[in-house]
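Peer 1: Quick one: structure below, then a few questions.
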Amino acid sequence: MRKLNVKGVEEMAQAVAGGDAPSEFRMSKLMIPLIALITGCFMVILDSTAMNVALSKLVTDFHAQLPTLQWTVTGYMLATAAVIPLAGWLSDRFGAKNVFLTSVIMFTVGSVLCATPNDANLLITFRVIQGLGGGFVMPVAMAYVYRLAPPNKIGMVMGLLGVPILLAPPVGLILSGWLVEYHSWRWIFLINLPVGIFSLIFGVWSLPKIARKKVAGFDLPGMLLGPIAFAALSYGVSEGASSWTSVQTLTGLIGGGAALIAFVAMELRAKIPLLELRVFRSADFSFAIFVQWIVQFSLFGAIFLLPQFLQQARGFGSFDTGLTLFPQALASACIMPLGGFLFDRIGVRWLVVIGLGLVSGAIYQYAHVDMTTEGKDLLLPLIMAGCGMGLMMMPLNSHLINKAPRDLVSRVTSLTSAMQQVINSLAVATVVTVLTSRLKTLAAADPTASGSNAADAAKAMLALAPKAFDYTFRVMLAVALFGILLGFLLRRGKKPSEEAAVQAAPERAMEGMHMG
């Protein structure tokens with residue numbers, strides 16, 4: 001079996017490089033290397049949500065303050081944001097297979113270390129190590145898929161890789177909630193050991209080696225300014241959830257903005273830039289990435305907001321919240337391969353329009369939640385949201401890669417992944433700001449919410465919470481509807497026919513996504 005599959009993948013990659021007809025493509029030849037990539041991505045994304053569940057337990061076990069332990073989440077996020085811009089250059093220089101396997105090893109070792117400390121500072125340090133490994137996994141995995149799949153099949157294959165993106169967060173909530181509640185928080189890290197070993201073994205065995213791309217220079221200013229810019233911006237907007245005028249927020253935004261301006265100036269002048277920003281000269285690419293930011297903002301904001309309502313207003317535990325949200329992830333996992341299949345045939349426009357239409361319908365129903373809302377009441381909108389996300393997320397990523405000019409395409413996954421990190425943080429900070437502001441406005445208009453009796457005031461604030469959540473969901477609905485209007489303007493371009501795929505194959509082999 002090993003000889004059949006591994007040899008088949010390498011022959012397929014060589015055929016793409018040599019311009020052979022993509023009609024010889026067989027999904028079965030990619031399944032084993034896809035298992036290695038999907039397992040690694042699933043492990044990293046799952047663990048990114050697990051820590052949120054364990055924070056309250058860690059406060060007790062470590063006898064530390066919540067703001068201190070919050071750095072176990074913030075430090076991980078900043079480490080991830082810092083290394084994403086380096087993924088493309090390192091893959092070009094050392095080979096995508098080596099970078100992917102090294103990042104899996106670092107993440108797995110970091111996970112084991114995270115399970116050992118009895119001190120908050122040590123845990124924060126180990127979470128940074130974990131984040132440094134995890135930041136490379138997704139952009140490098142996407143690059144692998146893009147290089148191995150023929151142009152007219154990229155949507156189908158990318159759809160399979162996208163399954164862990166949407167399936168892992170609710171699975172992480174369910175699994176981590178169960179482990180923290182009934183066993184130990186240390187197990188949310190220890191379970192990564194067998195998963196990481198599995199991904200590593202499959203990766204060594206099945207990921208093909210293709211001649212790495214030569215890198216003629218070393219962009220030292222870019223390697224310093226890029227990580228600083230994206231990490232500082234992510235930190236600034238995440239701190240904005242507490243206060244947009246705090247020292248931490250302003251330091252992150254001003255410092256990150258200055259570093260970003262300097263980074264852009266240096267990259268446009270560099271002979272061998274870390275991130276090829278001239279890709280924005282393509283009007284189609286620039287518009288498509290703006291649409292992706294709008295989609296990402298509305299999706300991530302809604303995904304973040306609903307669990308907060310269930311836990312803060314309705315009193316659901318983490319485990320019950322994960323179970324309630326699981327139908328959304330399951331729907332996404334089932335529909336995402338279909339989204340990739342349709343992308344290869346009809347392009348991205350109608351997938352974005354229909355997908356955001358389903359998400360908008362779900363958010364509209366979320367905007368009517370109250371204190372009587374139960375899990376079963378959310379089943380239909382959760383399935384609608386899951387189907388919408390599954391239809392459009394990976395097709396939009398594939399569309400971005402296809403719209404990049406051929407000679408600039410090799411750094412697109414690092415660029416888009418770095419920006420998505422900032423957009424996700426901005427979405428969370430924005431919805432928290434809107435929610436908090438609305439709650440204060442409602443409380444100011446309700447005398448019982450500021451009464452002398454603390455218990456009565458707390459009850460009044462709890463009663464006002466659904467109204468604040470409803471208002472915030474309506475804001476996210478407006479963003480999603482705006483995204484639908486933009487989706488109508490997306491241009492498909494030429495459909496990658498078999499003849500075009502053959503002609504593009506040699507160029508794609510030379511300028512593809514960081515393979516090595």
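We label chains A, B, ... in the order they appear in the structure tokens, count residues from 1 in each chain, and number ligands from 1 in the order shown.
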From a backbone DSSP assignment, name each residue in region 95-339 of chain A labelled alpha helix (DSSP H), as a PyMOL selection string.
Peer 2: chain A and resi 96-114+120-148+154-161+163-182+187-190+192-206+220-239+247-269+283-308+318-339
Peer 1: Taking 6 positions as the minimum chain separation for residues in the same chain, which residues sit within 12 Å of Trp178 (chain A) when counting only C-alpha atoms? Answer as an MDAnalysis selection string.
Peer 2: chainID A and resid 50 53:54 171:172 184:185 187:188 317:323
Peer 1: Using all heavy atoms, can you write the selected residues to a file as a CSV table (one decimal), in the first residue's frame?
Peer 2:
```
chain,number,residue,atom,x,y,z
A,50,ALA,N,-9.0,25.4,23.1
A,50,ALA,CA,-9.1,24.6,24.3
A,50,ALA,C,-8.7,25.4,25.5
A,50,ALA,O,-9.3,25.2,26.6
A,50,ALA,CB,-8.2,23.4,24.2
A,53,VAL,N,-11.3,27.3,27.7
A,53,VAL,CA,-12.1,26.6,28.6
A,53,VAL,C,-11.4,26.4,30.0
A,53,VAL,O,-12.1,26.3,31.0
A,53,VAL,CB,-12.5,25.2,28.0
A,53,VAL,CG1,-13.3,24.3,29.0
A,53,VAL,CG2,-13.3,25.4,26.7
A,54,ALA,N,-10.1,26.3,29.9
A,54,ALA,CA,-9.3,25.9,31.1
A,54,ALA,C,-9.0,27.1,32.0
A,54,ALA,O,-8.5,26.8,33.1
A,54,ALA,CB,-8.1,25.1,30.7
A,171,VAL,N,-15.3,21.0,18.3
A,171,VAL,CA,-14.7,19.7,18.9
A,171,VAL,C,-13.8,20.0,20.1
A,171,VAL,O,-13.8,19.4,21.1
A,171,VAL,CB,-14.0,18.9,17.8
A,171,VAL,CG1,-13.3,17.7,18.5
A,171,VAL,CG2,-15.0,18.4,16.8
A,172,GLY,N,-13.0,21.1,19.9
A,172,GLY,CA,-12.1,21.6,21.0
A,172,GLY,C,-12.9,22.0,22.2
A,172,GLY,O,-12.5,21.6,23.3
A,184,SER,N,-8.5,16.4,34.1
A,184,SER,CA,-7.5,17.4,34.4
A,184,SER,C,-7.3,18.3,33.2
A,184,SER,O,-7.3,17.8,32.0
A,184,SER,CB,-6.2,16.8,34.8
A,184,SER,OG,-5.1,17.8,34.9
A,185,TRP,N,-7.0,19.6,33.4
A,185,TRP,CA,-6.7,20.5,32.3
A,185,TRP,C,-5.4,20.1,31.6
A,185,TRP,O,-5.3,20.4,30.4
A,185,TRP,CB,-6.5,21.9,32.8
A,185,TRP,CG,-5.4,22.1,33.8
A,185,TRP,CD1,-5.5,22.1,35.2
A,185,TRP,CD2,-4.0,22.4,33.5
A,185,TRP,NE1,-4.2,22.3,35.7
A,185,TRP,CE2,-3.3,22.5,34.7
A,185,TRP,CE3,-3.3,22.5,32.3
A,185,TRP,CZ2,-1.9,22.7,34.8
A,185,TRP,CZ3,-1.9,22.8,32.4
A,185,TRP,CH2,-1.3,22.9,33.6
A,187,TRP,N,-4.7,17.3,30.3
A,187,TRP,CA,-5.0,16.4,29.2
A,187,TRP,C,-5.3,17.1,28.0
A,187,TRP,O,-5.2,16.6,26.9
A,187,TRP,CB,-6.1,15.5,29.6
A,187,TRP,CG,-5.6,14.3,30.5
A,187,TRP,CD1,-5.8,14.2,31.8
A,187,TRP,CD2,-4.9,13.2,30.0
A,187,TRP,NE1,-5.2,13.0,32.2
A,187,TRP,CE2,-4.6,12.4,31.1
A,187,TRP,CE3,-4.5,12.8,28.8
A,187,TRP,CZ2,-3.9,11.2,31.0
A,187,TRP,CZ3,-3.8,11.6,28.7
A,187,TRP,CH2,-3.5,10.8,29.8
A,188,ILE,N,-5.7,18.4,28.0
A,188,ILE,CA,-6.0,19.1,26.8
A,188,ILE,C,-4.7,19.3,26.0
A,188,ILE,O,-4.8,19.6,24.8
A,188,ILE,CB,-6.7,20.5,27.0
A,188,ILE,CG1,-5.8,21.5,27.8
A,188,ILE,CG2,-8.0,20.3,27.8
A,188,ILE,CD1,-6.4,22.8,28.0
A,317,GLY,N,-22.6,25.5,30.4
A,317,GLY,CA,-21.2,25.2,30.7
A,317,GLY,C,-20.4,25.1,29.3
A,317,GLY,O,-21.1,25.0,28.3
A,318,SER,N,-19.1,25.0,29.4
A,318,SER,CA,-18.3,24.8,28.2
A,318,SER,C,-18.7,23.5,27.4
A,318,SER,O,-18.8,23.5,26.2
A,318,SER,CB,-16.8,24.8,28.5
A,318,SER,OG,-16.5,26.0,29.2
A,319,PHE,N,-18.9,22.5,28.2
A,319,PHE,CA,-19.2,21.2,27.6
A,319,PHE,C,-20.5,21.2,26.8
A,319,PHE,O,-20.6,20.8,25.7
A,319,PHE,CB,-19.2,20.1,28.6
A,319,PHE,CG,-19.4,18.7,28.1
A,319,PHE,CD1,-18.6,18.1,27.2
A,319,PHE,CD2,-20.5,18.0,28.5
A,319,PHE,CE1,-18.8,16.9,26.7
A,319,PHE,CE2,-20.7,16.7,28.0
A,319,PHE,CZ,-19.9,16.1,27.1
A,320,ASP,N,-21.5,21.8,27.5
A,320,ASP,CA,-22.9,21.9,26.9
A,320,ASP,C,-22.8,22.9,25.7
A,320,ASP,O,-23.5,22.7,24.7
A,320,ASP,CB,-23.9,22.4,27.9
A,320,ASP,CG,-24.2,21.3,29.0
A,320,ASP,OD1,-24.0,20.1,28.7
A,320,ASP,OD2,-24.5,21.7,30.1
A,321,THR,N,-22.0,23.9,25.8
A,321,THR,CA,-21.9,24.9,24.7
A,321,THR,C,-21.3,24.2,23.5
A,321,THR,O,-21.8,24.4,22.3
A,321,THR,CB,-21.0,26.1,25.1
A,321,THR,OG1,-21.6,26.7,26.2
A,321,THR,CG2,-20.9,27.0,23.9
A,322,GLY,N,-20.3,23.4,23.7
A,322,GLY,CA,-19.7,22.7,22.6
A,322,GLY,C,-20.6,21.7,21.9
A,322,GLY,O,-20.7,21.6,20.7
A,323,LEU,N,-21.4,21.0,22.7
A,323,LEU,CA,-22.4,20.1,22.2
A,323,LEU,C,-23.5,20.8,21.4
A,323,LEU,O,-23.9,20.4,20.3
A,323,LEU,CB,-23.1,19.3,23.3
A,323,LEU,CG,-22.3,18.2,24.0
A,323,LEU,CD1,-23.0,17.6,25.1
A,323,LEU,CD2,-21.9,17.1,23.0
```
Peer 1: What separation in Å, quoted to one decimal, exists between CA of Pro169 (chain A) and CA of Phe304 (chain A)?
Peer 2: 10.5 Å
Peer 1: Using only C-alpha atoms, can you tell me which of A:Gly222, A:Val157, A:Leu101, A:Ala478 comes closest to Ala262 (chain A)?
Peer 2: A:Gly222
Peer 1: Would you tabulate, counting only C-alpha atoms, all residues of region 115-142 of chain A that have an atom at most 10 Å from an atom of region 102-108 of chain A, showing the closest pair of atoms and their distance in Å to one decimal, sorted by chain then ascending number, as a tab-separated table?
Peer 2:
```
residue	atom	partner	partner_atom	distance
A:Phe126	CA	A:Phe107	CA	9.8
A:Arg127	CA	A:Phe107	CA	9.2
A:Val128	CA	A:Phe107	CA	9.8
A:Ile129	CA	A:Phe107	CA	7.2
A:Gln130	CA	A:Phe107	CA	4.6
A:Gly131	CA	A:Phe107	CA	7.0
A:Leu132	CA	A:Phe107	CA	7.5
A:Gly133	CA	A:Ser103	CA	4.3
A:Gly134	CA	A:Phe107	CA	5.7
A:Gly135	CA	A:Ser103	CA	8.0
A:Phe136	CA	A:Ser103	CA	6.3
A:Val137	CA	A:Ser103	CA	6.4
A:Val140	CA	A:Ser103	CA	9.7
```
Peer 1: Keeping only C-alpha atoms, write those residues as an mmCIF file, in the first residue's frame.
Peer 2:
```
data_model
loop_
_atom_site.group_PDB
_atom_site.id
_atom_site.type_symbol
_atom_site.label_atom_id
_atom_site.label_comp_id
_atom_site.auth_asym_id
_atom_site.auth_seq_id
_atom_site.Cartn_x
_atom_site.Cartn_y
_atom_site.Cartn_z
ATOM 1 C CA PHE A 126 5.512 26.965 26.813
ATOM 2 C CA ARG A 127 2.380 28.307 25.097
ATOM 3 C CA VAL A 128 4.598 30.706 23.123
ATOM 4 C CA ILE A 129 6.727 27.748 21.991
ATOM 5 C CA GLN A 130 3.538 25.960 20.988
ATOM 6 C CA GLY A 131 2.362 29.001 19.032
ATOM 7 C CA LEU A 132 5.680 29.337 17.207
ATOM 8 C CA GLY A 133 5.197 25.826 15.880
ATOM 9 C CA GLY A 134 1.492 26.141 15.172
ATOM 10 C CA GLY A 135 1.751 29.349 13.132
ATOM 11 C CA PHE A 136 3.451 27.626 10.198
ATOM 12 C CA VAL A 137 1.100 24.671 9.851
ATOM 13 C CA VAL A 140 2.327 25.598 4.552
#
```
Peer 1: Find the spatial neighbours of Ser332 (chain A), counting only C-alpha atoms, within a cut-off of 9 Å - ignore same-chain residues fewer than 5 positions away - and output them as a compact mmCIF listing (two decimals) with all heavy atoms, in the first residue's frame.
Peer 2:
```txt
# COMPACT_ATOMS: atom_id res chain seq x y z
N VAL A 163 -11.83 21.22 6.01
CA VAL A 163 -12.69 20.57 7.01
C VAL A 163 -12.21 20.83 8.44
O VAL A 163 -13.01 21.20 9.31
CB VAL A 163 -12.80 19.06 6.73
CG1 VAL A 163 -13.48 18.34 7.88
CG2 VAL A 163 -13.58 18.82 5.44
N LEU A 166 -13.16 24.32 10.26
CA LEU A 166 -14.49 24.54 10.81
C LEU A 166 -14.90 23.48 11.82
O LEU A 166 -15.75 23.74 12.67
CB LEU A 166 -15.51 24.61 9.67
CG LEU A 166 -15.31 25.75 8.68
CD1 LEU A 166 -16.34 25.70 7.57
CD2 LEU A 166 -15.37 27.09 9.38
N LEU A 167 -14.31 22.30 11.74
CA LEU A 167 -14.70 21.22 12.64
C LEU A 167 -13.97 21.28 13.97
O LEU A 167 -14.53 20.92 15.01
CB LEU A 167 -14.42 19.86 11.97
CG LEU A 167 -15.01 18.62 12.63
CD1 LEU A 167 -16.53 18.70 12.67
CD2 LEU A 167 -14.58 17.36 11.89
N PRO A 327 -23.55 20.84 15.70
CA PRO A 327 -24.22 20.71 14.40
C PRO A 327 -23.70 21.69 13.34
O PRO A 327 -23.66 21.36 12.16
CB PRO A 327 -25.69 20.97 14.73
CG PRO A 327 -25.84 20.55 16.15
CD PRO A 327 -24.54 20.94 16.80
N ILE A 383 -27.22 24.93 11.56
CA ILE A 383 -27.00 24.16 10.33
C ILE A 383 -26.89 25.09 9.13
O ILE A 383 -26.05 24.90 8.24
CB ILE A 383 -28.14 23.14 10.13
CG1 ILE A 383 -28.07 22.05 11.23
CG2 ILE A 383 -28.06 22.49 8.75
CD1 ILE A 383 -29.21 21.06 11.19
N ALA A 385 -25.81 28.23 9.17
CA ALA A 385 -24.51 28.89 9.25
C ALA A 385 -23.39 27.95 8.84
O ALA A 385 -22.46 28.34 8.11
CB ALA A 385 -24.27 29.41 10.67
N GLY A 386 -23.47 26.70 9.28
CA GLY A 386 -22.45 25.72 8.91
C GLY A 386 -22.41 25.46 7.42
O GLY A 386 -21.34 25.41 6.81
N CYS A 387 -23.57 25.32 6.80
CA CYS A 387 -23.62 25.10 5.36
C CYS A 387 -23.07 26.31 4.60
O CYS A 387 -22.35 26.16 3.61
CB CYS A 387 -25.06 24.81 4.92
SG CYS A 387 -25.70 23.21 5.47
N GLY A 388 -23.43 27.51 5.08
CA GLY A 388 -22.93 28.71 4.42
C GLY A 388 -21.42 28.83 4.49
O GLY A 388 -20.75 29.13 3.50
N MET A 389 -20.85 28.55 5.66
CA MET A 389 -19.40 28.61 5.82
C MET A 389 -18.72 27.55 4.97
O MET A 389 -17.69 27.80 4.33
CB MET A 389 -19.03 28.45 7.29
CG MET A 389 -19.35 29.66 8.13
SD MET A 389 -18.75 29.53 9.83
CE MET A 389 -19.92 28.37 10.51
N GLY A 390 -19.29 26.35 4.95
CA GLY A 390 -18.71 25.28 4.16
C GLY A 390 -18.70 25.57 2.67
O GLY A 390 -17.78 25.18 1.95
N LEU A 391 -19.73 26.29 2.20
CA LEU A 391 -19.81 26.61 0.78
C LEU A 391 -18.76 27.60 0.33
O LEU A 391 -18.26 27.50 -0.80
CB LEU A 391 -21.20 27.18 0.45
CG LEU A 391 -22.32 26.20 0.12
CD1 LEU A 391 -23.60 26.96 -0.16
CD2 LEU A 391 -21.96 25.32 -1.08
```
Peer 1: Looking at only C-alpha atoms, which of A:Gly159, A:Gly203, A:Pro164, A:Gly357 is the one that sits closest to Val295 (chain A)?
Peer 2: A:Gly357
